[in-house]
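Printed here is run00.cif (mmCIF, C-alpha atoms and all ligand atoms):
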```
data_start
loop_
_atom_site.label_atom_id
_atom_site.label_comp_id
_atom_site.auth_asym_id
_atom_site.auth_seq_id
_atom_site.Cartn_x
_atom_site.Cartn_y
_atom_site.Cartn_z
CA MET A 1 15.28 15.62 7.82
CA GLU A 2 13.02 16.38 10.76
CA CYS A 3 9.58 14.83 10.81
CA MET A 4 7.45 17.79 9.79
CA SER A 5 4.28 18.46 11.69
CA ASN A 6 1.08 17.41 10.03
CA ARG A 7 -0.18 20.96 9.97
CA SER A 8 2.82 22.30 8.11
CA LEU A 9 2.70 19.45 5.61
CA SER A 10 -1.00 19.88 5.01
CA THR A 11 -0.49 23.54 4.35
CA PHE A 12 2.39 22.77 2.07
CA LEU A 13 0.29 20.33 0.11
CA VAL A 14 -2.83 22.39 -0.40
CA PRO A 15 -2.31 22.48 -4.18
CA LEU A 16 -2.44 18.69 -4.20
CA CYS A 17 -5.92 18.78 -2.66
CA LEU A 18 -6.99 21.29 -5.25
CA THR A 19 -5.92 19.07 -8.11
CA LEU A 20 -8.28 16.35 -6.98
CA PRO A 21 -11.67 18.04 -6.63
CA SER A 22 -13.72 14.92 -7.29
CA LEU A 23 -11.90 13.08 -4.52
CA ALA A 24 -11.89 15.80 -1.92
CA ARG A 25 -14.94 14.45 -0.17
CA GLY A 26 -15.05 12.75 3.19
CA GLU A 27 -12.82 15.28 4.89
CA LYS A 28 -15.02 15.54 7.97
CA ASP A 29 -13.08 13.79 10.68
CA ALA A 30 -15.06 12.00 13.34
CA PRO A 31 -14.02 13.05 16.87
CA ALA A 32 -11.44 10.66 18.26
CA VAL A 33 -12.78 8.50 21.07
CA PHE A 34 -9.33 7.44 22.26
CA PRO A 35 -5.91 9.00 21.85
CA VAL A 36 -4.67 8.67 18.29
CA PRO A 37 -1.40 9.84 16.76
CA ALA A 38 -2.84 13.05 15.35
CA THR A 39 0.40 14.39 13.85
CA VAL A 40 3.19 12.89 11.83
CA SER A 41 5.50 13.24 14.84
CA SER A 42 3.17 11.21 17.03
CA PHE A 43 2.68 8.75 14.16
CA CYS A 44 6.46 8.25 14.28
CA GLN A 45 6.35 7.77 18.04
CA GLU A 46 3.63 5.12 17.75
CA LEU A 47 5.64 3.39 15.11
CA GLU A 48 8.70 3.38 17.30
CA LYS A 49 6.70 1.67 20.05
CA LYS A 50 5.60 -1.03 17.63
CA PHE A 51 9.16 -1.53 16.42
CA THR A 52 10.25 -1.98 20.03
CA ASP A 53 7.42 -4.47 20.70
CA TYR A 54 8.41 -6.52 17.67
CA ASN A 55 12.12 -6.24 18.33
CA TRP A 56 12.73 -4.59 14.96
CA GLY A 57 15.21 -1.96 16.17
CA LYS A 58 14.73 1.76 15.54
CA PRO A 59 12.54 2.81 12.60
CA ARG A 60 14.38 6.14 12.25
CA CYS A 61 11.04 7.45 11.10
CA GLU A 62 12.21 11.08 11.34
CA HIS A 63 14.88 10.46 8.70
CA PHE A 64 12.25 10.25 5.97
CA GLN A 65 10.32 13.08 4.48
CA TRP A 66 6.67 12.24 5.06
CA LEU A 67 3.85 13.66 3.07
CA THR A 68 0.28 13.65 4.27
CA VAL A 69 -2.99 15.20 3.22
CA ARG A 70 -5.67 12.98 4.61
CA LYS A 71 -6.39 11.41 7.97
CA THR A 72 -8.28 8.28 8.96
CA ALA A 73 -11.75 8.76 10.43
CA LYS A 74 -10.06 8.49 13.84
CA GLY A 75 -7.65 11.29 13.00
CA THR A 76 -4.43 9.39 12.29
CA PRO A 77 -2.43 10.86 9.40
CA LEU A 78 -2.13 8.70 6.28
CA VAL A 79 1.47 9.12 5.20
CA TRP A 80 3.69 8.36 2.24
CA THR A 81 7.22 9.13 1.15
CA THR A 82 8.80 9.43 -2.27
CA PHE A 83 12.16 8.85 -3.92
CA GLY A 84 13.06 10.52 -7.19
CA GLU A 85 11.68 13.55 -8.91
CA GLU A 86 8.04 13.96 -9.70
CA LYS A 87 7.37 15.27 -13.19
CA SER A 88 4.10 16.86 -14.13
CA ALA A 89 2.85 13.85 -16.08
CA GLY A 90 4.54 11.34 -13.78
CA ALA A 91 8.11 10.10 -13.99
CA GLU A 92 8.95 7.78 -16.84
CA ASN A 93 9.14 4.86 -14.46
CA THR A 94 7.01 5.27 -11.35
CA THR A 95 6.32 2.49 -8.86
CA LEU A 96 3.82 2.69 -6.04
CA VAL A 97 4.43 0.33 -3.10
CA LEU A 98 1.71 -0.20 -0.49
CA CYS A 99 2.11 -2.01 2.84
CA GLY A 100 -0.01 -2.38 5.95
CA VAL A 101 -3.29 -2.45 4.03
CA HIS A 102 -4.48 -5.05 6.53
CA GLY A 103 -3.29 -4.05 9.99
CA ASP A 104 -2.90 -7.57 11.34
CA GLU A 105 -0.46 -8.42 8.57
CA ILE A 106 2.57 -7.31 10.53
CA THR A 107 5.43 -8.39 8.28
CA PRO A 108 4.51 -6.22 5.26
CA VAL A 109 4.94 -3.04 7.33
CA LYS A 110 8.53 -3.98 8.16
CA PHE A 111 9.05 -4.99 4.53
CA CYS A 112 8.18 -1.46 3.37
CA TRP A 113 10.46 -0.11 6.07
CA ASP A 114 13.36 -2.23 4.89
CA LEU A 115 12.62 -1.03 1.37
CA ILE A 116 12.65 2.68 2.19
CA ASN A 117 15.88 2.28 4.16
CA GLU A 118 17.44 0.51 1.21
CA LEU A 119 16.23 3.14 -1.26
CA LYS A 120 17.47 5.98 0.93
CA THR A 121 20.92 4.54 1.42
CA ASN A 122 21.84 2.67 -1.74
CA HIS A 123 20.00 4.03 -4.74
CA VAL A 124 20.28 6.89 -7.17
CA PHE A 125 17.09 8.10 -8.76
CA LYS A 126 17.55 9.63 -12.14
CA ASP A 127 14.79 8.40 -14.37
CA LYS A 128 12.54 6.69 -11.89
CA MET A 129 10.32 7.46 -8.98
CA VAL A 130 9.16 5.31 -6.09
CA VAL A 131 6.21 6.19 -3.88
CA VAL A 132 5.87 4.19 -0.67
CA ALA A 133 2.92 4.16 1.75
CA PRO A 134 4.17 1.83 4.49
CA VAL A 135 1.12 1.79 6.79
CA VAL A 136 -2.03 2.23 4.74
CA THR A 137 -4.40 1.32 7.57
CA PRO A 138 -2.60 2.65 10.67
CA ASP A 139 -5.51 2.47 13.13
CA SER A 140 -5.66 -1.30 12.83
CA PHE A 141 -1.87 -1.69 13.03
CA PHE A 142 -1.19 0.58 16.01
CA ILE A 143 -3.71 -0.97 18.40
CA PRO A 144 -2.40 -3.60 20.86
CA LYS A 145 -4.05 -6.47 18.96
CA PRO A 146 -3.96 -5.48 15.30
CA THR A 147 -6.97 -6.24 13.12
CA ARG A 148 -7.50 -6.83 9.42
CA THR A 149 -10.22 -4.20 9.13
CA ASN A 150 -9.92 -0.49 9.81
CA ALA A 151 -11.36 1.18 12.92
CA ALA A 152 -14.83 1.24 11.33
CA GLY A 153 -14.66 -2.52 10.72
CA VAL A 154 -14.16 -2.25 6.95
CA ASP A 155 -11.79 -4.36 4.86
CA VAL A 156 -10.23 -1.57 2.83
CA ASN A 157 -9.19 -4.06 0.17
CA ARG A 158 -12.88 -4.68 -0.57
CA ASN A 159 -13.84 -1.01 -0.57
CA PHE A 160 -12.51 0.29 -3.92
CA PRO A 161 -15.29 1.59 -6.20
CA THR A 162 -15.09 -1.18 -8.79
CA GLN A 163 -17.85 -1.46 -11.34
CA ASP A 164 -19.15 -4.62 -9.67
CA TRP A 165 -19.15 -3.18 -6.14
CA LYS A 166 -22.78 -2.10 -5.94
CA GLY A 167 -24.13 -5.30 -7.47
CA GLU A 168 -21.71 -7.82 -5.99
CA ALA A 169 -19.76 -6.67 -2.92
CA HIS A 170 -22.43 -7.22 -0.31
CA LYS A 171 -23.94 -10.18 -2.14
CA LYS A 172 -20.61 -12.04 -2.21
CA TRP A 173 -19.86 -11.05 1.36
CA VAL A 174 -23.12 -12.70 2.46
CA GLN A 175 -23.05 -15.71 0.12
CA ASN A 176 -19.35 -16.58 -0.04
CA TYR A 177 -18.13 -15.30 3.30
CA ARG A 178 -21.21 -15.67 5.49
CA LYS A 179 -20.84 -12.08 6.60
CA ASP A 180 -17.28 -12.64 7.83
CA LYS A 181 -16.61 -9.41 9.71
CA ARG A 182 -12.99 -9.46 8.61
CA LYS A 183 -14.08 -9.01 5.01
CA PHE A 184 -16.85 -6.45 5.30
CA PRO A 185 -16.65 -4.28 2.14
CA GLY A 186 -18.07 -1.17 3.83
CA PRO A 187 -21.37 0.69 3.65
CA ALA A 188 -20.60 2.18 0.22
CA PRO A 189 -17.80 2.06 -2.36
CA ALA A 190 -14.82 4.22 -1.37
CA SER A 191 -16.47 5.01 1.95
CA GLU A 192 -13.16 4.74 3.81
CA GLN A 193 -10.38 7.29 4.04
CA GLU A 194 -7.76 4.57 3.64
CA THR A 195 -9.30 3.59 0.30
CA ILE A 196 -9.48 7.17 -0.96
CA PHE A 197 -5.88 7.63 0.18
CA GLN A 198 -4.68 4.80 -2.09
CA MET A 199 -6.84 6.00 -4.98
CA ASN A 200 -5.43 9.50 -4.68
CA LEU A 201 -1.85 8.25 -4.70
CA ILE A 202 -2.62 6.44 -7.95
CA LYS A 203 -4.36 9.45 -9.46
CA ARG A 204 -1.59 11.81 -8.44
CA TYR A 205 1.49 9.80 -9.39
CA ARG A 206 0.05 7.70 -12.23
CA PRO A 207 2.34 4.77 -11.41
CA ASN A 208 3.44 2.44 -14.19
CA LYS A 209 3.05 -0.38 -11.70
CA VAL A 210 1.76 -1.01 -8.19
CA ILE A 211 3.21 -3.47 -5.69
CA THR A 212 1.01 -4.23 -2.71
CA VAL A 213 2.44 -6.36 0.08
CA HIS A 214 0.27 -8.68 2.17
CA ALA A 215 0.57 -11.92 4.15
CA PRO A 216 0.25 -14.93 4.55
CA LEU A 217 -0.88 -16.52 1.28
CA THR A 218 2.67 -17.24 0.07
CA LEU A 219 2.21 -16.22 -3.52
CA LEU A 220 2.76 -13.58 -6.11
CA ASP A 221 -0.37 -12.49 -7.93
CA TYR A 222 -0.85 -10.22 -10.92
CA ASP A 223 -3.81 -8.10 -12.03
CA GLY A 224 -3.74 -5.76 -14.99
CA PRO A 225 -3.46 -5.80 -18.76
CA SER A 226 -3.63 -9.32 -20.18
CA LEU A 227 -0.26 -11.01 -19.98
CA LYS A 228 -1.01 -12.74 -23.27
CA ALA A 229 -1.48 -9.49 -25.19
CA GLU A 230 1.34 -7.28 -26.50
CA ALA A 231 0.50 -4.63 -23.90
CA GLY A 232 1.17 -7.12 -21.14
CA LYS A 233 4.61 -8.17 -22.36
CA SER A 234 6.65 -6.06 -19.96
CA ALA A 235 4.21 -6.86 -17.14
CA LYS A 236 4.67 -10.58 -17.78
CA GLU A 237 8.43 -10.23 -17.89
CA LEU A 238 8.36 -8.50 -14.52
CA LEU A 239 6.13 -11.15 -12.97
CA GLU A 240 8.52 -13.87 -14.10
CA GLN A 241 11.58 -11.97 -12.92
CA MET A 242 10.07 -11.20 -9.53
CA SER A 243 9.46 -14.88 -9.00
CA GLU A 244 12.88 -15.91 -10.31
CA LYS A 245 14.67 -13.40 -8.10
CA SER A 246 12.92 -14.72 -5.00
CA SER A 247 13.98 -18.38 -5.35
CA GLY A 248 11.10 -19.25 -7.67
CA TYR A 249 8.37 -17.86 -5.41
CA LYS A 250 5.00 -19.25 -6.41
CA VAL A 251 3.05 -17.27 -9.00
CA SER A 252 -0.67 -17.78 -8.67
CA ASN A 253 -3.63 -16.24 -10.39
CA TYR A 254 -5.62 -15.40 -7.29
CA PRO A 255 -9.19 -14.28 -8.04
CA VAL A 256 -10.13 -10.61 -7.84
CA PHE A 257 -12.93 -9.44 -5.58
CA PRO A 258 -15.46 -6.64 -5.82
CA GLY A 259 -13.72 -3.64 -4.29
CA SER A 260 -10.18 -5.01 -4.30
CA LEU A 261 -7.16 -2.98 -5.39
CA GLY A 262 -6.25 -5.56 -8.04
CA ASN A 263 -9.71 -5.20 -9.51
CA TRP A 264 -9.79 -1.39 -9.42
CA ALA A 265 -6.19 -0.49 -10.27
CA GLY A 266 -5.25 -3.56 -12.32
CA LYS A 267 -8.35 -4.66 -14.17
CA GLU A 268 -10.28 -1.40 -14.46
CA ASN A 269 -7.46 1.18 -14.64
CA HIS A 270 -5.02 -1.09 -16.51
CA ILE A 271 -2.10 -0.52 -14.15
CA PRO A 272 -0.01 -3.67 -13.70
CA THR A 273 -0.64 -4.53 -10.04
CA TYR A 274 1.47 -7.10 -8.22
CA THR A 275 0.35 -8.55 -4.92
CA LEU A 276 3.19 -10.02 -2.94
CA GLU A 277 1.78 -12.26 -0.23
CA LEU A 278 4.53 -12.96 2.30
CA PRO A 279 4.53 -16.41 3.92
CA ASN A 280 3.30 -15.28 7.35
CA SER A 281 2.77 -12.41 9.79
CA ASP A 282 5.37 -13.50 12.33
CA PRO A 283 7.36 -10.39 13.30
CA LYS A 284 10.43 -12.58 13.93
CA GLU A 285 10.54 -13.54 10.26
CA THR A 286 10.93 -10.08 8.73
CA GLN A 287 14.66 -10.28 8.04
CA ARG A 288 14.20 -13.58 6.21
CA PHE A 289 11.47 -12.06 4.06
CA TRP A 290 13.54 -9.01 3.22
CA ASP A 291 16.48 -11.23 2.26
CA LEU A 292 14.19 -13.36 0.10
CA PHE A 293 12.40 -10.53 -1.73
CA LYS A 294 14.88 -7.68 -1.76
CA ASP A 295 16.29 -8.40 -5.23
CA SER A 296 12.80 -9.02 -6.53
CA VAL A 297 11.37 -5.70 -5.37
CA ILE A 298 14.46 -3.70 -6.41
CA PHE A 299 14.28 -5.28 -9.83
CA ALA A 300 10.59 -4.35 -10.01
CA ILE A 301 11.37 -0.73 -9.24
CA THR A 302 14.02 -0.46 -11.93
CA HIS A 303 12.02 -2.39 -14.53
CA LYS A 304 10.51 -0.08 -17.13
CA MET A 305 6.96 -0.74 -18.16
CA LYS A 306 5.17 0.43 -21.22
CA PRO A 307 3.26 3.62 -20.38
CA THR A 308 -0.22 2.92 -19.12
CA VAL A 309 -3.04 4.49 -21.05
CA ASN A 310 -6.13 5.12 -18.98
ZN ZN B 401 -3.99 -8.69 3.24
#
```
Go through the file and emit its structure as C-alpha cells.
Ligand SMILES: [Zn+2]
Amino acid sequence: MECMSNRSLSTFLVPLCLTLPSLARGEKDAPAVFPVPATVSSFCQELEKKFTDYNWGKPRCEHFQWLTVRKTAKGTPLVWTTFGEEKSAGAENTTLVLCGVHGDEITPVKFCWDLINELKTNHVFKDKMVVVAPVVTPDSFFIPKPTRTNAAGVDVNRNFPTQDWKGEAHKKWVQNYRKDKRKFPGPAPASEQETIFQMNLIKRYRPNKVITVHAPLTLLDYDGPSLKAEAGKSAKELLEQMSEKSSGYKVSNYPVFPGSLGNWAGKENHIPTYTLELPNSDPKETQRFWDLFKDSVIFAITHKMKPTVN
C-alpha cells in the first residue's frame, strides 16, 4: 500500500481524536526551525536515509499502512502501524510494541522494523492484534548525531504523568542524576507530544501487554501486576518464556522511575510491561539481535494474558 499523506490520514482519523477529549491538548505545533519530515512520505524518506547510513538495506516503509494523528513539537509525524482487527473493546489479545523511545538507541528501531516485516510476511491474525510504533521519538533519531532526549531536551521515558512525578521527578533528577541533561523529566508531566502519543496508543488499544525495546542494559525487565499474585501468573509465564526463548537472557528487576513507562503503564495502569534492553546500540549488530529475540517476541505476541482491569 502507498504511504498515505499525513493530511489524508489525519482526516481519516478524526474520530480517534474525538474519542480522547482529555488528551487532545498540546496540539499547537511550534514552527519548525529546520526542515523536518512533515508528512508520512517524508518520514519514510528520512528513514530510508538512515537505513542507508546504517547499511540496513531498504526499509520498504511504503509497504506498511501508517497511522498518525499527532506530530512532535517540531512537526514530525508520530506514526504507528497495526496488524489484526481492532474490536471496539480491544482485541482479545493485543500487544503494543514501542521502539525508538530514546533516539540514540539505534538498534531498537531496526528491531521493530524486523518485527513488522516478519508480521507482514509470515503471520495470520485471527484473534490477536499487534500495534507497533517503531520510532517513538523521531526528532532525536533522524538527526545526524542521535540523542537520548527529544528536540526539547526531555527524556520522554521520565515524562509520563505518574503519581510521583510532581513530588519526585525533579527532586530525583537533581539528587540522583546531578541534573544529567540526558535524563531531564520535562517541565511538567506529559508535557511532550511523544509521551502523549504513547499514552494515547495505550488508551485507544487497551493492550493486554506492552513491550518496549531499549538498549544497552542487556536485560529483560517487568513492571505490572505482582508476579507473585494470581493476576500475575500469565505475566510471569511470559517473562520466563521470553528469557528462555532468547538463550536465557537475563531477567532483572530494574527500578522504576518517576515518569517512566513501566511506572505509568505497568505499576499504575496494571498493564504487564516488558522492557527489552538490547545489548548495545551498534547498528552492525541488528541481525544478531533479531536472531536472538525473534522467537521471544513472537511468543510474546501470541501469548494470551488475562484481561487487564483498569
Ligand atoms: Zn532507553
Residues of chain A at most 6 Å from ligand ZN 401 (chain B): nearest atom pair and distance in Å, all atoms listed in the file, as a tab-separated table:
```
residue	atom	partner	partner_atom	distance
A:His102	CA	B:ZN401	ZN	4.9
A:His214	CA	B:ZN401	ZN	4.4
A:Ala215	CA	B:ZN401	ZN	5.7
```
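Comparing the minimum interatomic distances between Thr149 in chain A and each of A:Lys304, A:Arg182, A:Lys203, A:Lys171, counting only C-alpha atoms, we find that A:Arg182 sits nearest.
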Under the rule that only C-alpha atoms are counted, which of A:Pro189, A:Pro255, A:Gly224, A:Pro138 is the nearest residue to Pro161 in chain A?
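Nearest candidate to Pro161 in chain A out of A:Pro189, A:Pro255, A:Gly224, A:Pro138: A:Pro189.
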Quick one: distance from CA of Trp173 in chain A to CA of Leu261 in chain A in Å, one decimal?
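According to the coordinates, CA of Trp173 in chain A and CA of Leu261 in chain A are separated by 16.5 Å.
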Choose the residue, out of A:Ser247, A:Ala235, A:Gly103, A:Met199, that has the smallest atom-to-atom separation from Pro144 in chain A; count only C-alpha atoms.
A:Gly103
Write range 203-217 of chain A as a PDB file, in the frame of the given file, completed to N, CA and C atoms.
```pdb
ATOM      1  N   LYS A 203      -3.957   8.357  -8.556  1.00  0.00           N
ATOM      2  CA  LYS A 203      -4.360   9.450  -9.460  1.00  0.00           C
ATOM      3  C   LYS A 203      -3.285  10.525  -9.534  1.00  0.00           C
ATOM      4  N   ARG A 204      -2.615  10.774  -8.434  1.00  0.00           N
ATOM      5  CA  ARG A 204      -1.590  11.810  -8.440  1.00  0.00           C
ATOM      6  C   ARG A 204      -0.328  11.377  -9.185  1.00  0.00           C
ATOM      7  N   TYR A 205       0.170  10.189  -8.861  1.00  0.00           N
ATOM      8  CA  TYR A 205       1.490   9.800  -9.390  1.00  0.00           C
ATOM      9  C   TYR A 205       1.414   8.989 -10.680  1.00  0.00           C
ATOM     10  N   ARG A 206       0.235   8.519 -11.034  1.00  0.00           N
ATOM     11  CA  ARG A 206       0.050   7.700 -12.230  1.00  0.00           C
ATOM     12  C   ARG A 206       1.148   6.636 -12.364  1.00  0.00           C
ATOM     13  N   PRO A 207       1.244   5.760 -11.376  1.00  0.00           N
ATOM     14  CA  PRO A 207       2.340   4.770 -11.410  1.00  0.00           C
ATOM     15  C   PRO A 207       2.239   3.849 -12.621  1.00  0.00           C
ATOM     16  N   ASN A 208       3.397   3.422 -13.105  1.00  0.00           N
ATOM     17  CA  ASN A 208       3.440   2.440 -14.190  1.00  0.00           C
ATOM     18  C   ASN A 208       3.163   1.046 -13.651  1.00  0.00           C
ATOM     19  N   LYS A 209       3.350   0.899 -12.340  1.00  0.00           N
ATOM     20  CA  LYS A 209       3.050  -0.380 -11.700  1.00  0.00           C
ATOM     21  C   LYS A 209       2.810  -0.151 -10.202  1.00  0.00           C
ATOM     22  N   VAL A 210       2.051  -1.068  -9.631  1.00  0.00           N
ATOM     23  CA  VAL A 210       1.760  -1.010  -8.190  1.00  0.00           C
ATOM     24  C   VAL A 210       2.195  -2.335  -7.575  1.00  0.00           C
ATOM     25  N   ILE A 211       2.870  -2.249  -6.437  1.00  0.00           N
ATOM     26  CA  ILE A 211       3.210  -3.470  -5.690  1.00  0.00           C
ATOM     27  C   ILE A 211       2.551  -3.337  -4.327  1.00  0.00           C
ATOM     28  N   THR A 212       1.692  -4.277  -3.996  1.00  0.00           N
ATOM     29  CA  THR A 212       1.010  -4.230  -2.710  1.00  0.00           C
ATOM     30  C   THR A 212       1.416  -5.477  -1.927  1.00  0.00           C
ATOM     31  N   VAL A 213       1.852  -5.259  -0.686  1.00  0.00           N
ATOM     32  CA  VAL A 213       2.440  -6.360   0.080  1.00  0.00           C
ATOM     33  C   VAL A 213       1.480  -6.804   1.181  1.00  0.00           C
ATOM     34  N   HIS A 214       1.173  -8.086   1.185  1.00  0.00           N
ATOM     35  CA  HIS A 214       0.270  -8.680   2.170  1.00  0.00           C
ATOM     36  C   HIS A 214       0.917  -9.924   2.778  1.00  0.00           C
ATOM     37  N   ALA A 215       0.172 -10.617   3.604  1.00  0.00           N
ATOM     38  CA  ALA A 215       0.570 -11.920   4.150  1.00  0.00           C
ATOM     39  C   ALA A 215      -0.723 -12.630   4.548  1.00  0.00           C
ATOM     40  N   PRO A 216      -0.818 -13.937   4.617  1.00  0.00           N
ATOM     41  CA  PRO A 216       0.250 -14.930   4.550  1.00  0.00           C
ATOM     42  C   PRO A 216       0.079 -15.924   3.386  1.00  0.00           C
ATOM     43  N   LEU A 217      -0.482 -15.535   2.291  1.00  0.00           N
ATOM     44  CA  LEU A 217      -0.880 -16.520   1.280  1.00  0.00           C
ATOM     45  C   LEU A 217       0.280 -17.153   0.504  1.00  0.00           C
TER      46      LEU A 217
END
```
